[in-house]
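With TSV, C-alpha atoms and all ligand atoms inside, this is entry.tsv:
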```
chain	number	residue	atom	x	y	z
A	16	MET	CA	34.40	139.41	100.87
A	17	PRO	CA	37.17	141.63	102.35
A	18	ASN	CA	36.73	143.33	105.73
A	19	LEU	CA	34.04	145.99	105.91
A	20	VAL	CA	36.33	148.56	107.53
A	21	ALA	CA	39.62	149.12	105.72
A	22	SER	CA	42.75	151.08	106.49
A	23	GLY	CA	42.55	154.78	105.79
A	24	ASP	CA	46.05	154.57	104.30
A	25	ASN	CA	44.53	152.89	101.24
A	26	ASN	CA	42.29	155.83	100.47
A	27	THR	CA	43.33	159.20	99.08
A	28	LYS	CA	40.78	160.93	101.31
A	29	THR	CA	41.88	159.54	104.68
A	30	ARG	CA	45.59	158.99	103.95
A	31	LYS	CA	46.24	162.55	105.12
A	32	ASN	CA	44.98	161.93	108.66
A	33	VAL	CA	48.36	162.33	110.32
A	34	GLY	CA	48.45	161.68	114.06
A	35	TYR	CA	45.48	159.31	114.09
A	36	LEU	CA	44.94	155.73	113.08
A	37	ALA	CA	42.36	156.16	110.33
A	38	ALA	CA	39.91	153.63	108.92
A	39	GLY	CA	36.90	153.83	106.64
A	40	LEU	CA	33.93	151.91	105.28
A	41	SER	CA	33.45	152.21	101.51
A	42	MET	CA	30.18	151.23	99.90
A	43	ALA	CA	28.96	151.82	96.34
A	44	PRO	CA	27.41	155.32	96.28
A	45	HIS	CA	23.79	156.26	95.67
A	46	LYS	CA	22.04	153.51	93.65
A	47	THR	CA	25.08	152.17	91.81
A	48	ALA	CA	24.96	148.73	93.47
A	49	GLY	CA	21.43	148.24	92.11
A	50	VAL	CA	19.86	147.25	95.43
A	51	GLY	CA	18.93	150.50	97.18
A	52	ASN	CA	20.04	154.06	97.74
A	53	VAL	CA	22.76	154.71	100.34
A	54	CYS	CA	22.80	158.49	99.61
A	55	GLY	CA	19.25	159.66	100.34
A	56	ASN	CA	19.89	163.37	99.67
A	57	ALA	CA	22.31	163.10	96.76
A	58	SER	CA	22.03	165.61	93.93
A	59	PRO	CA	22.39	164.72	90.23
A	60	ALA	CA	25.79	166.45	90.04
A	61	CYS	CA	27.23	164.86	93.16
A	62	VAL	CA	26.25	161.43	91.88
A	63	ALA	CA	27.87	162.19	88.50
A	64	GLY	CA	31.03	163.60	90.06
A	65	CYS	CA	31.29	161.24	93.06
A	66	LEU	CA	34.94	160.47	93.76
A	67	ASN	CA	34.29	156.72	94.14
A	68	HIS	CA	35.71	156.07	90.67
A	69	GLN	CA	38.94	158.00	91.33
A	70	GLY	CA	42.18	156.90	92.96
A	71	LEU	CA	42.95	153.16	93.05
A	72	ALA	CA	39.32	152.40	92.14
A	73	SER	CA	40.04	153.73	88.65
A	74	VAL	CA	42.71	151.02	88.23
A	75	PHE	CA	41.47	147.96	90.12
A	76	ALA	CA	37.99	146.61	89.31
A	77	THR	CA	38.10	144.55	92.53
A	78	ILE	CA	37.73	147.77	94.57
A	79	ALA	CA	34.41	148.64	92.93
A	80	ALA	CA	33.29	145.01	93.26
A	81	ALA	CA	34.05	145.01	97.01
A	82	ARG	CA	32.11	148.27	97.48
A	83	GLU	CA	29.14	146.81	95.62
A	84	SER	CA	29.32	143.58	97.66
A	85	ARG	CA	29.24	145.51	100.93
A	86	THR	CA	26.22	147.50	99.72
A	87	VAL	CA	24.34	144.36	98.69
A	88	LEU	CA	25.09	142.85	102.12
A	89	TRP	CA	23.90	146.06	103.81
A	90	TYR	CA	20.50	145.65	102.18
A	91	GLN	CA	20.16	141.87	102.14
A	92	GLU	CA	22.01	140.72	105.29
A	93	ARG	CA	21.54	143.68	107.65
A	94	GLN	CA	22.11	141.86	110.93
A	95	TRP	CA	25.22	140.10	109.61
A	96	PHE	CA	26.49	143.45	108.37
A	97	LEU	CA	26.00	145.22	111.71
A	98	ASP	CA	27.52	142.30	113.67
A	99	THR	CA	30.52	142.16	111.33
A	100	LEU	CA	30.96	145.94	111.48
A	101	ARG	CA	31.10	145.77	115.27
A	102	VAL	CA	33.70	142.97	115.13
A	103	ASP	CA	35.75	145.03	112.63
A	104	LEU	CA	35.60	148.14	114.82
A	105	GLU	CA	36.67	146.16	117.91
A	106	ARG	CA	39.62	144.82	115.90
A	107	TRP	CA	40.58	148.35	114.83
A	108	GLN	CA	40.30	149.61	118.41
A	109	ARG	CA	42.68	146.85	119.59
A	110	LYS	CA	45.08	147.83	116.83
A	111	ALA	CA	44.90	151.51	117.89
A	112	ASP	CA	45.57	150.52	121.50
A	113	ARG	CA	48.59	148.44	120.43
A	114	VAL	CA	50.18	151.36	118.61
A	115	GLY	CA	49.04	153.94	121.18
A	116	MET	CA	47.04	156.08	118.75
A	117	GLU	CA	43.52	157.49	118.75
A	118	LEU	CA	41.28	155.81	116.18
A	119	CYS	CA	39.14	157.86	113.81
A	120	VAL	CA	36.64	156.16	111.51
A	121	ARG	CA	34.68	157.45	108.56
A	122	LEU	CA	31.77	155.07	107.91
A	123	ASN	CA	30.32	157.02	104.98
A	124	MET	CA	33.25	157.14	102.58
A	125	PHE	CA	30.79	156.90	99.66
A	126	SER	CA	27.41	156.79	101.36
A	127	ASP	CA	25.22	158.92	103.64
A	128	ILE	CA	23.79	156.41	106.11
A	129	LYS	CA	22.52	157.60	109.50
A	130	TRP	CA	24.74	155.32	111.57
A	131	GLU	CA	23.47	156.78	114.85
A	132	ARG	CA	20.13	155.11	114.12
A	133	PHE	CA	21.88	151.74	114.29
A	134	GLY	CA	23.75	152.55	117.51
A	135	ILE	CA	27.20	152.18	116.00
A	136	PRO	CA	28.85	155.41	117.25
A	137	GLN	CA	27.06	155.01	120.59
A	138	ASP	CA	28.54	151.51	121.06
A	139	PHE	CA	32.14	152.72	120.47
A	140	PRO	CA	32.58	155.86	122.58
A	141	ARG	CA	36.39	155.71	122.33
A	142	ILE	CA	36.33	155.95	118.53
A	143	GLN	CA	36.07	159.39	116.91
A	144	PHE	CA	33.61	158.96	114.04
A	145	TYR	CA	33.15	161.64	111.40
A	146	ASP	CA	31.38	161.99	108.07
A	147	TYR	CA	30.19	164.42	105.46
A	148	THR	CA	26.42	164.49	104.96
A	149	LYS	CA	23.78	166.01	102.72
A	150	HIS	CA	21.03	165.53	105.31
A	151	PRO	CA	20.18	169.03	106.62
A	152	GLY	CA	20.12	169.28	110.41
A	153	ARG	CA	22.32	166.21	110.84
A	154	VAL	CA	25.38	168.39	111.40
A	155	GLY	CA	28.04	169.29	113.92
A	156	ALA	CA	28.62	167.25	117.08
A	157	LEU	CA	25.68	164.92	116.61
A	158	LEU	CA	27.14	162.78	119.42
A	159	PRO	CA	30.22	163.43	121.58
A	160	ASN	CA	32.15	161.07	119.25
A	161	TYR	CA	30.37	161.66	115.92
A	162	TRP	CA	31.11	164.85	113.95
A	163	LEU	CA	29.19	165.70	110.78
A	164	THR	CA	30.10	168.32	108.18
A	165	PHE	CA	27.28	169.39	105.87
A	166	SER	CA	28.11	168.99	102.19
A	167	ARG	CA	27.03	171.67	99.73
A	168	SER	CA	25.76	170.70	96.29
A	169	GLU	CA	24.15	172.50	93.35
A	170	ALA	CA	20.74	171.61	94.82
A	171	ASN	CA	20.89	172.60	98.50
A	172	HIS	CA	21.88	176.28	98.60
A	173	SER	CA	19.27	177.37	101.17
A	174	ALA	CA	20.12	174.45	103.48
A	175	THR	CA	23.81	175.36	103.07
A	176	ILE	CA	23.27	178.97	104.15
A	177	ALA	CA	20.94	177.93	106.98
A	178	THR	CA	23.58	175.47	108.21
A	179	LEU	CA	26.28	178.16	108.23
A	180	GLN	CA	23.92	180.56	110.02
A	181	SER	CA	23.29	177.91	112.67
A	182	GLY	CA	27.03	177.74	113.43
A	183	ALA	CA	27.75	174.39	111.79
A	184	ASN	CA	30.45	173.84	109.16
A	185	VAL	CA	29.81	173.24	105.45
A	186	ALA	CA	32.12	171.62	102.91
A	187	ALA	CA	32.05	173.20	99.45
A	188	VAL	CA	33.97	172.50	96.24
A	189	PHE	CA	35.74	175.42	94.52
A	190	TYR	CA	37.51	175.77	91.18
A	191	GLN	CA	39.66	178.26	89.34
A	192	HIS	CA	39.73	178.73	85.61
A	193	GLY	CA	42.69	176.93	84.07
A	194	LYS	CA	44.03	173.48	83.26
A	195	PHE	CA	43.63	172.00	86.74
A	196	VAL	CA	43.08	168.35	85.86
A	197	GLY	CA	44.49	165.32	87.72
A	198	ASN	CA	47.49	166.09	89.91
A	199	ARG	CA	47.25	169.80	89.01
A	200	SER	CA	43.93	170.17	90.86
A	201	GLY	CA	45.81	170.90	94.10
A	202	ARG	CA	47.21	174.12	92.60
A	203	GLN	CA	43.82	175.85	92.58
A	204	GLN	CA	43.44	178.74	95.02
A	205	LEU	CA	40.59	178.76	97.50
A	206	PRO	CA	38.74	182.01	98.27
A	207	LYS	CA	39.24	183.60	101.69
A	208	THR	CA	35.51	183.88	102.32
A	209	TRP	CA	32.28	182.68	100.76
A	210	HIS	CA	28.98	184.50	101.45
A	211	GLY	CA	30.83	186.25	104.28
A	212	TYR	CA	31.91	183.03	106.00
A	213	PRO	CA	35.62	182.20	106.40
A	214	VAL	CA	36.95	179.46	104.12
A	215	ILE	CA	39.33	176.87	105.61
A	216	ASP	CA	41.52	174.65	103.44
A	217	GLY	CA	39.87	171.23	103.70
A	218	ASP	CA	42.37	169.43	101.48
A	219	THR	CA	45.32	169.47	103.88
A	220	THR	CA	43.67	166.90	106.13
A	221	ASP	CA	40.44	164.90	106.32
A	222	LEU	CA	40.22	165.32	110.12
A	223	ARG	CA	36.99	167.32	109.93
A	224	PHE	CA	36.30	166.91	113.67
A	225	ASP	CA	39.47	168.98	114.31
A	226	ASP	CA	38.18	171.91	112.21
A	227	PRO	CA	37.51	175.21	114.02
A	228	ARG	CA	33.96	175.36	115.33
A	229	GLY	CA	32.06	178.64	115.33
A	230	ALA	CA	29.75	179.42	118.25
A	231	THR	CA	27.24	181.26	116.08
A	232	ARG	CA	28.72	181.25	112.54
A	233	GLY	CA	29.89	178.18	110.70
A	234	ARG	CA	33.06	177.77	108.65
A	235	VAL	CA	33.26	176.83	104.97
A	236	ILE	CA	35.52	173.83	104.45
A	237	GLY	CA	36.98	174.54	101.01
A	238	LEU	CA	37.79	171.57	98.78
A	239	ARG	CA	39.37	171.86	95.35
A	240	LEU	CA	37.57	170.46	92.33
A	241	LYS	CA	39.22	167.17	91.40
A	242	ALA	CA	38.66	165.73	87.94
A	243	HIS	CA	40.47	163.18	85.80
A	244	SER	CA	39.79	164.82	82.45
A	245	LYS	CA	38.92	168.16	80.90
A	246	ALA	CA	35.50	166.81	79.91
A	247	GLU	CA	34.71	165.61	83.44
A	248	ARG	CA	35.85	168.93	84.89
A	249	ALA	CA	33.76	170.92	82.40
A	250	ALA	CA	30.67	168.83	83.17
A	251	ILE	CA	31.03	169.34	86.95
A	252	ILE	CA	31.48	173.10	86.50
A	253	ALA	CA	28.48	173.30	84.17
A	254	SER	CA	26.34	171.47	86.74
A	255	GLY	CA	26.91	174.14	89.39
A	256	PHE	CA	28.38	171.61	91.84
A	257	ALA	CA	31.68	173.51	92.03
A	258	ILE	CA	31.86	177.22	92.88
A	259	LYS	CA	34.16	179.62	91.06
A	260	ALA	CA	36.78	180.88	93.54
A	261	ARG	CA	36.99	184.68	93.55
A	262	GLY	CA	39.99	185.13	95.87
A	301	LIG	S1	26.10	161.99	98.54
A	301	LIG	FE1	28.35	161.87	98.63
A	301	LIG	S2	28.84	159.69	98.44
A	301	LIG	FE2	26.71	159.95	97.76
A	301	LIG	S3	26.84	160.24	95.52
A	301	LIG	FE3	26.88	162.29	96.43
A	301	LIG	S4	29.08	162.77	96.67
A	301	LIG	FE4	28.93	160.52	96.35
```
Could you show the structure in this file as structure tokens?
Amino acid sequence: MPNLVASGDNNTKTRKNVGYLAAGLSMAPHKTAGVGNVCGNASPACVAGCLNHQGLASVFATIAAARESRTVLWYQERQWFLDTLRVDLERWQRKADRVGMELCVRLNMFSDIKWERFGIPQDFPRIQFYDYTKHPGRVGALLPNYWLTFSRSEANHSATIATLQSGANVAAVFYQHGKFVGNRSGRQQLPKTWHGYPVIDGDTTDLRFDDPRGATRGRVIGLRLKAHSKAERAAIIASGFAIKARG
């Protein structure tokens, strides 16, 4: 079993976190490990289009196996998991201190676990934790060191609008018509606004806790639709998970 918390440099999501030492915990999303559900509010389309099978995971079967192992341990050896997670985070904090950088950690790379219920962010006040979530109300600065960005799907439109109205930020996936598959996905244009709320480019960095914060109106964190094939892209668009960008 590899470490629970791995370097953010090994993941396409967190590799862009320039200026911070980044680390993340990757489990097997939703029910894919066959032992429980780590994404309580997942929608059918987000499960189908979950990015856990992209990047290096599409090449090395060991990556998926490690994610499944961690998920099985989460359900079957909870105390061991939490103890080991704490040891891992202490090790990462020492590493951050050695190199003189601030440590940011994303515990839900492919899950939506309420880590605050297990006291993890509370026990590491020097670490900046951040995650995306589909749990309504669990948004914004949940704790001084835990930032949550609500994640829009095809099934949570009213919660998305309510979240923006409350002043919290929402991540949403946009697409443009065209052949934007694989490496070309980054060429898609994001709209300037969505439902009257300003759209910020969320693909330049994964440092969501550094995003602008509205006092009374949230920001839309625009992400470009990423798909490996035309068929996958067409299926995600048909599901309503991605929004057509209108400029
Ligand atoms: S909630 Fe997030 S991690 Fe879970 S299946 Fe959906 S997109 Fe993947």
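Residues in contact with A:Arg261 at up to 12 Å, not including ones fewer than 4 positions away on its chain and judged by all atoms listed in the file, are Phe189, Tyr190, Gln191, His192, Gln203, Gln204, Leu205, Pro206, Lys207, Thr208, Trp209, His210 and Val214 of chain A.
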Exercise. Show me which residues sit within 9 Å of ligand LIG 301 (chain A) when counting only C-alpha atoms and all ligand atoms, and put them as JSON, numbers by chain.
Key: {"A": [42, 43, 44, 45, 46, 52, 53, 54, 55, 56, 57, 58, 59, 60, 61, 62, 63, 64, 65, 66, 67, 123, 124, 125, 126, 127, 147, 148, 149, 166, 168]}
Take the selection from the previous step and output its residues with C-alpha atoms, as a CSV table (one decimal), in the coordinates of the input.
```csv
chain,number,residue,atom,x,y,z
A,42,MET,CA,30.2,151.2,99.9
A,43,ALA,CA,29.0,151.8,96.3
A,44,PRO,CA,27.4,155.3,96.3
A,45,HIS,CA,23.8,156.3,95.7
A,46,LYS,CA,22.0,153.5,93.6
A,52,ASN,CA,20.0,154.1,97.7
A,53,VAL,CA,22.8,154.7,100.3
A,54,CYS,CA,22.8,158.5,99.6
A,55,GLY,CA,19.2,159.7,100.3
A,56,ASN,CA,19.9,163.4,99.7
A,57,ALA,CA,22.3,163.1,96.8
A,58,SER,CA,22.0,165.6,93.9
A,59,PRO,CA,22.4,164.7,90.2
A,60,ALA,CA,25.8,166.4,90.0
A,61,CYS,CA,27.2,164.9,93.2
A,62,VAL,CA,26.2,161.4,91.9
A,63,ALA,CA,27.9,162.2,88.5
A,64,GLY,CA,31.0,163.6,90.1
A,65,CYS,CA,31.3,161.2,93.1
A,66,LEU,CA,34.9,160.5,93.8
A,67,ASN,CA,34.3,156.7,94.1
A,123,ASN,CA,30.3,157.0,105.0
A,124,MET,CA,33.2,157.1,102.6
A,125,PHE,CA,30.8,156.9,99.7
A,126,SER,CA,27.4,156.8,101.4
A,127,ASP,CA,25.2,158.9,103.6
A,147,TYR,CA,30.2,164.4,105.5
A,148,THR,CA,26.4,164.5,105.0
A,149,LYS,CA,23.8,166.0,102.7
A,166,SER,CA,28.1,169.0,102.2
A,168,SER,CA,25.8,170.7,96.3
```
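When the distance limit is 10 Å and all atoms listed in the file are what count, the residues near A:Leu222, minus those fewer than 6 positions from it on the same chain, are Lys28, Thr29, Lys31, Asn32, Val33, Gly34, Tyr35, Ala37, Cys119, Val120, Arg121, Gln143, Phe144, Tyr145, Asp146 and Trp162 of chain A.
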Restrict the selected residues to C-alpha atoms and save them as a PDB file, keeping the file's coordinate frame.
```
ATOM      1  CA  LYS A  28      40.780 160.930 101.310  1.00  0.00           C
ATOM      2  CA  THR A  29      41.880 159.540 104.680  1.00  0.00           C
ATOM      3  CA  LYS A  31      46.240 162.550 105.120  1.00  0.00           C
ATOM      4  CA  ASN A  32      44.980 161.930 108.660  1.00  0.00           C
ATOM      5  CA  VAL A  33      48.360 162.330 110.320  1.00  0.00           C
ATOM      6  CA  GLY A  34      48.450 161.680 114.060  1.00  0.00           C
ATOM      7  CA  TYR A  35      45.480 159.310 114.090  1.00  0.00           C
ATOM      8  CA  ALA A  37      42.360 156.160 110.330  1.00  0.00           C
ATOM      9  CA  CYS A 119      39.140 157.860 113.810  1.00  0.00           C
ATOM     10  CA  VAL A 120      36.640 156.160 111.510  1.00  0.00           C
ATOM     11  CA  ARG A 121      34.680 157.450 108.560  1.00  0.00           C
ATOM     12  CA  GLN A 143      36.070 159.390 116.910  1.00  0.00           C
ATOM     13  CA  PHE A 144      33.610 158.960 114.040  1.00  0.00           C
ATOM     14  CA  TYR A 145      33.150 161.640 111.400  1.00  0.00           C
ATOM     15  CA  ASP A 146      31.380 161.990 108.070  1.00  0.00           C
ATOM     16  CA  TRP A 162      31.110 164.850 113.950  1.00  0.00           C
TER      17      TRP A 162
END
```
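Remark: for A:Leu36, the closest of the candidate residues A:Arg113, A:Arg199, A:Lys245, A:Arg153 is A:Arg113 (distances computed over only C-alpha atoms).
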Exercise. Give me the residues within 9 Å of stretch 183-186 of chain A as a ChimeraX atom specification, counting all atoms listed in the file and dropping any in the same chain fewer than 2 places off.
Key: /A:147,154-156,163-167,175-176,178-181,188,217,226-238
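Proximity of A:Leu118, A:Pro159, A:Arg223, A:Gly152 to A:Pro136, computed with all atoms listed in the file, is greatest for A:Pro159.
The interatomic distance for the pair atom CA of A:Gln137 and atom CA of A:Ala80 works out to 29.8 Å.
Look at A:Thr99: the protein and nucleic acid residues within 12 Å of it, using all atoms listed in the file and passing over chain neighbours fewer than 3 places away, are A:Met16, A:Pro17, A:Asn18, A:Leu19, A:Val20, A:Leu40, A:Arg85, A:Leu88, A:Trp89, A:Glu92, A:Arg93, A:Gln94, A:Trp95, A:Phe96, A:Val102, A:Asp103, A:Leu104, A:Glu105, A:Arg106, A:Ile135.
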Could those residues be written to a file, using C-alpha atoms, as a PDB file, keeping the file's coordinate frame?
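Result written to part.pdb:
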```
ATOM      1  CA  MET A  16      34.400 139.410 100.870  1.00  0.00           C
ATOM      2  CA  PRO A  17      37.170 141.630 102.350  1.00  0.00           C
ATOM      3  CA  ASN A  18      36.730 143.330 105.730  1.00  0.00           C
ATOM      4  CA  LEU A  19      34.040 145.990 105.910  1.00  0.00           C
ATOM      5  CA  VAL A  20      36.330 148.560 107.530  1.00  0.00           C
ATOM      6  CA  LEU A  40      33.930 151.910 105.280  1.00  0.00           C
ATOM      7  CA  ARG A  85      29.240 145.510 100.930  1.00  0.00           C
ATOM      8  CA  LEU A  88      25.090 142.850 102.120  1.00  0.00           C
ATOM      9  CA  TRP A  89      23.900 146.060 103.810  1.00  0.00           C
ATOM     10  CA  GLU A  92      22.010 140.720 105.290  1.00  0.00           C
ATOM     11  CA  ARG A  93      21.540 143.680 107.650  1.00  0.00           C
ATOM     12  CA  GLN A  94      22.110 141.860 110.930  1.00  0.00           C
ATOM     13  CA  TRP A  95      25.220 140.100 109.610  1.00  0.00           C
ATOM     14  CA  PHE A  96      26.490 143.450 108.370  1.00  0.00           C
ATOM     15  CA  VAL A 102      33.700 142.970 115.130  1.00  0.00           C
ATOM     16  CA  ASP A 103      35.750 145.030 112.630  1.00  0.00           C
ATOM     17  CA  LEU A 104      35.600 148.140 114.820  1.00  0.00           C
ATOM     18  CA  GLU A 105      36.670 146.160 117.910  1.00  0.00           C
ATOM     19  CA  ARG A 106      39.620 144.820 115.900  1.00  0.00           C
ATOM     20  CA  ILE A 135      27.200 152.180 116.000  1.00  0.00           C
TER      21      ILE A 135
END
```
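The coordinates place atom CA of A:Ser200 at 6.5 Å from atom CA of A:Leu240.
Atom CA of A:Asn160 sits 16.0 Å away from atom CA of A:Ala111.
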Practice problem: Tell me which of A:Gly201, A:Ala250, A:Lys110, A:Pro151 sits closest to A:Ala177, counting all atoms listed in the file. | Solution: A:Pro151
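Between A:Asp218 and the residues A:Ala249, A:Ala242, A:Ala187, A:Ala170, the shortest atom-to-atom distance, using all atoms listed in the file, involves A:Ala187.
Using all atoms listed in the file, the smallest distance between any of A:Ala260, A:Ala174, A:Ile142, A:Ala253 and A:Phe224 comes from A:Ile142.
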